[in-house]
Amino acid sequence: MRLIDCPPLGHGLVVLTALVACAGTPTQVVSVSPPAAPPAVAGSTTLTGKSTPIDEPSGPPNGLPNACARAPTASDPLCTPPADFVERLCGKPHQDAALGLFAPQAPFTRVYVRGRIDELAADEEVIVLRFHAPRKEGIVVGNNKGSYDVLRWDGTCSIAVEAEVITRTRPVRPTTAHLQWHRVSPRLQDALVAGSDAVKRAHAKRGKECKGAMSGDVSASCEKADAALVAAIVEYVRKGGIMPDSDDVL
């Protein structure tokens, strides 16, 4: 059996324009003006986010944005991070940042993938980073309903995922991209192990079964232990577990 390290960057569906690569060569950002009204996502009348409540001043750790770039409105319902932050975020995988942005106190719009799309898994939970409006002229690819750039749980970005494969309706068991433990900063690793007994047990089990391996040929028991560690971390983050600032500063 092989424990496969996630690719450094998702590649979403290629739609209409030359797309941004999330790692490797220098990032070329496609600047797109916000649409007057992003399309409603299947399973919901609007694709909404929420502003950070006044009585909850603490936001995500590590100096991550904790408010929408623009307040969601009926004509522009998305709650997305600031554009300059998105450019830095997608420059390379940022595992620490992803854990902070998927924390429940972060206000950004969550959506889910309807079926397996390239490297994206069926029912995968992702965060909307920005919307690309439909092309109004030239060659039209796909259904021309626009596309989304999204953040995955493993800290990578998937670019130009077509709007038709995105839904706001939360699956019974949403899936996540496979977290990369070795990409988590040492301070955040320590905090996760100290903050959750489940993470602590899963981490110890992984260490025993995998003997320090991060990828390559590993045993089935190592794969199972690695998956259990990922599941424990996701549960801890989703329940609002405390995470300190990390060493991975954007």
# chains A, B, ... in the order shown; residues from 1 in each chain; ligands from 1
>>> residues_around(residues="Gly240 of chain A", least_positions_apart="3", cutoff="6 Å", atoms="only C-alpha atoms", output="number ranges by chain")
A: 103-104, 237
>>> residues_around(residues="segment 177-191 of chain A", least_positions_apart="3", cutoff="8 Å", atoms="only C-alpha atoms", output="number ranges by chain")
A: 5-6, 94-96, 120-121, 124, 152-155, 194-195, 214, 230, 242-248
>>> write_last_selection(atoms="C-alpha atoms", output="PDB file, in the first residue's frame")
ATOM      1  CA  ASP A   5       0.978  12.844  -0.413  1.00  0.00           C
ATOM      2  CA  CYS A   6      -1.633  15.187  -1.803  1.00  0.00           C
ATOM      3  CA  HIS A  94      -0.691  26.636   3.466  1.00  0.00           C
ATOM      4  CA  GLN A  95      -1.880  23.852   5.778  1.00  0.00           C
ATOM      5  CA  ASP A  96      -1.960  26.014   8.931  1.00  0.00           C
ATOM      6  CA  LEU A 120     -11.824  17.051  -5.799  1.00  0.00           C
ATOM      7  CA  ALA A 121     -13.763  14.306  -4.037  1.00  0.00           C
ATOM      8  CA  GLU A 124     -15.837  17.605  -0.446  1.00  0.00           C
ATOM      9  CA  ARG A 152      -9.337  22.782   0.291  1.00  0.00           C
ATOM     10  CA  TRP A 153      -8.678  21.363   3.756  1.00  0.00           C
ATOM     11  CA  ASP A 154      -5.134  20.401   2.738  1.00  0.00           C
ATOM     12  CA  GLY A 155      -4.187  24.049   2.196  1.00  0.00           C
ATOM     13  CA  ALA A 194      -2.294  19.064  23.586  1.00  0.00           C
ATOM     14  CA  GLY A 195      -5.805  20.334  22.852  1.00  0.00           C
ATOM     15  CA  MET A 214       5.320  10.837   5.390  1.00  0.00           C
ATOM     16  CA  VAL A 230      -6.744  13.382   9.854  1.00  0.00           C
ATOM     17  CA  ILE A 242      -8.276  26.445  20.134  1.00  0.00           C
ATOM     18  CA  MET A 243      -5.404  26.940  17.690  1.00  0.00           C
ATOM     19  CA  PRO A 244      -2.530  29.360  18.261  1.00  0.00           C
ATOM     20  CA  ASP A 245      -0.828  31.531  15.696  1.00  0.00           C
ATOM     21  CA  SER A 246       1.422  29.358  13.561  1.00  0.00           C
ATOM     22  CA  ASP A 247       4.857  29.920  12.097  1.00  0.00           C
ATOM     23  CA  ASP A 248       3.413  29.854   8.565  1.00  0.00           C
TER      24      ASP A 248
END
>>> residues_around(residues="Asp149 of chain A", least_positions_apart="6", cutoff="9 Å", atoms="only C-alpha atoms", output="ChimeraX atom specification")
/A:12,127-132,157-161
>>> closest_residue(among="A:Ala98, A:Lys200, A:Pro82, A:Pro174", to="Gly115 of chain A", atoms="only C-alpha atoms")
A:Pro174
>>> atom_distance(atom1="atom CA of Arg116 of chain A", atom2="atom CA of Thr167 of chain A")
13.0 Å
>>> closest_residue(among="A:Val199, A:Val111, A:Ala225, A:Ile117", to="Lys211 of chain A", atoms="only C-alpha atoms")
A:Ala225
